[in-house]
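Have a look at the structure below before the remarks.
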Amino acid sequence: MLKKDIKVIKKVIELERESGHILYDLDDYEGDLVLMAEELGLETIENEDGYTVIKNEKDRKRVEEVYNYYLENR
């Protein structure tokens, strides 16, 4: 996980606390990962089934780490 990822997540958590709204579904893991990837500025694509997915597998692992950090600190 990169330092800039932590900054993004801290901003998301702060925004959630200020607004009183959760930005992620928490029941839709794949959807939350895509939203997180977009927050981090990573590339997403639409697959052949019409679902938006993270383009690069290495980026997916990074997003999973960041999402877990978000869950632990929210």
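A note on labels: chains of the structure tokens are A, B, ... as shown, every chain counts residues from 1, and ligands are counted from 1 in their shown order.
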request  = Show which residues sit within 10 Å of range 14-30 of chain A, as a VMD selection string. Count only C-alpha atoms, and ignore same-chain residues fewer than 6 positions away.
outcome  = chain A and resid 8 36 51 to 54 64 67 71 74
task = Show which residues sit within 12 Å of Asn56 in chain A, as a list in words. Count only C-alpha atoms, and ignore same-chain residues fewer than 2 positions away.
result = Val34, Ala37, Leu42, Glu43, Thr44, Ile45, Val53, Ile54, Lys58, Asp59, Arg60, Lys61, Arg62 and Val63 of chain A
Please write the residues from the selection above to a file, keeping C-alpha atoms, as a PDB file, in the first residue's frame.
```
ATOM      1  CA  VAL A  34     -14.150  -1.049  -8.098  1.00  0.00           C
ATOM      2  CA  ALA A  37      -9.956   1.614  -7.382  1.00  0.00           C
ATOM      3  CA  LEU A  42      -6.664   3.157 -11.021  1.00  0.00           C
ATOM      4  CA  GLU A  43      -7.940   1.973 -14.373  1.00  0.00           C
ATOM      5  CA  THR A  44     -11.126  -0.074 -14.547  1.00  0.00           C
ATOM      6  CA  ILE A  45     -12.667  -1.759 -17.582  1.00  0.00           C
ATOM      7  CA  VAL A  53     -13.586  -4.680 -13.038  1.00  0.00           C
ATOM      8  CA  ILE A  54     -10.081  -3.553 -12.119  1.00  0.00           C
ATOM      9  CA  LYS A  58      -1.492  -6.202  -9.422  1.00  0.00           C
ATOM     10  CA  ASP A  59      -3.717  -3.160  -8.890  1.00  0.00           C
ATOM     11  CA  ARG A  60      -6.471  -5.435  -7.587  1.00  0.00           C
ATOM     12  CA  LYS A  61      -4.205  -6.734  -4.821  1.00  0.00           C
ATOM     13  CA  ARG A  62      -3.310  -3.152  -3.909  1.00  0.00           C
ATOM     14  CA  VAL A  63      -6.991  -2.188  -3.804  1.00  0.00           C
TER      15      VAL A  63
END
```
inquiry  = as a ChimeraX atom specification, please: every residue in chain A that DSSP puts in alpha helix (DSSP H).
reply    = /A:3-19,29-39,57-73
Å distance separating CA of Glu72 in chain A from CA of Glu57 in chain A, one decimal place = 22.9 Å
remark   = Lys4 in chain A proximity check over A:Lys55, A:Gly41, A:Asn73, A:Gly50, using only C-alpha atoms: winner is A:Gly41
Taking the chain letters and numbering used in this document, name the residues of range 15-72 of chain A that DSSP puts in strand (DSSP E or B), as a CSV table (one decimal) with N, CA, C and O atoms, in the first residue's frame.
```
chain,number,residue,atom,x,y,z
A,44,THR,N,-10.1,1.0,-14.6
A,44,THR,CA,-11.1,-0.1,-14.5
A,44,THR,C,-11.6,-0.3,-16.0
A,44,THR,O,-11.6,0.7,-16.8
A,45,ILE,N,-12.1,-1.5,-16.3
A,45,ILE,CA,-12.7,-1.8,-17.6
A,45,ILE,C,-14.0,-2.5,-17.4
A,45,ILE,O,-14.3,-3.1,-16.4
A,46,GLU,N,-14.7,-2.6,-18.5
A,46,GLU,CA,-15.9,-3.4,-18.5
A,46,GLU,C,-15.6,-4.8,-19.1
A,46,GLU,O,-15.0,-4.8,-20.2
A,52,THR,N,-18.0,-3.9,-14.4
A,52,THR,CA,-16.8,-3.1,-14.3
A,52,THR,C,-15.8,-3.8,-13.4
A,52,THR,O,-16.2,-4.2,-12.3
A,53,VAL,N,-14.6,-4.0,-13.8
A,53,VAL,CA,-13.6,-4.7,-13.0
A,53,VAL,C,-12.3,-3.9,-13.1
A,53,VAL,O,-12.1,-3.0,-13.9
A,54,ILE,N,-11.4,-4.2,-12.1
A,54,ILE,CA,-10.1,-3.6,-12.1
A,54,ILE,C,-9.2,-4.2,-13.2
A,54,ILE,O,-9.2,-5.4,-13.4
```
query = Which one of A:Leu40, A:Val12, A:Ile6, A:Leu35 sits closest to Tyr69 in chain A if you count only C-alpha atoms?
reply =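 Of A:Leu40, A:Val12, A:Ile6, A:Leu35, the one nearest Tyr69 in chain A, counting only C-alpha atoms, is A:Ile6.
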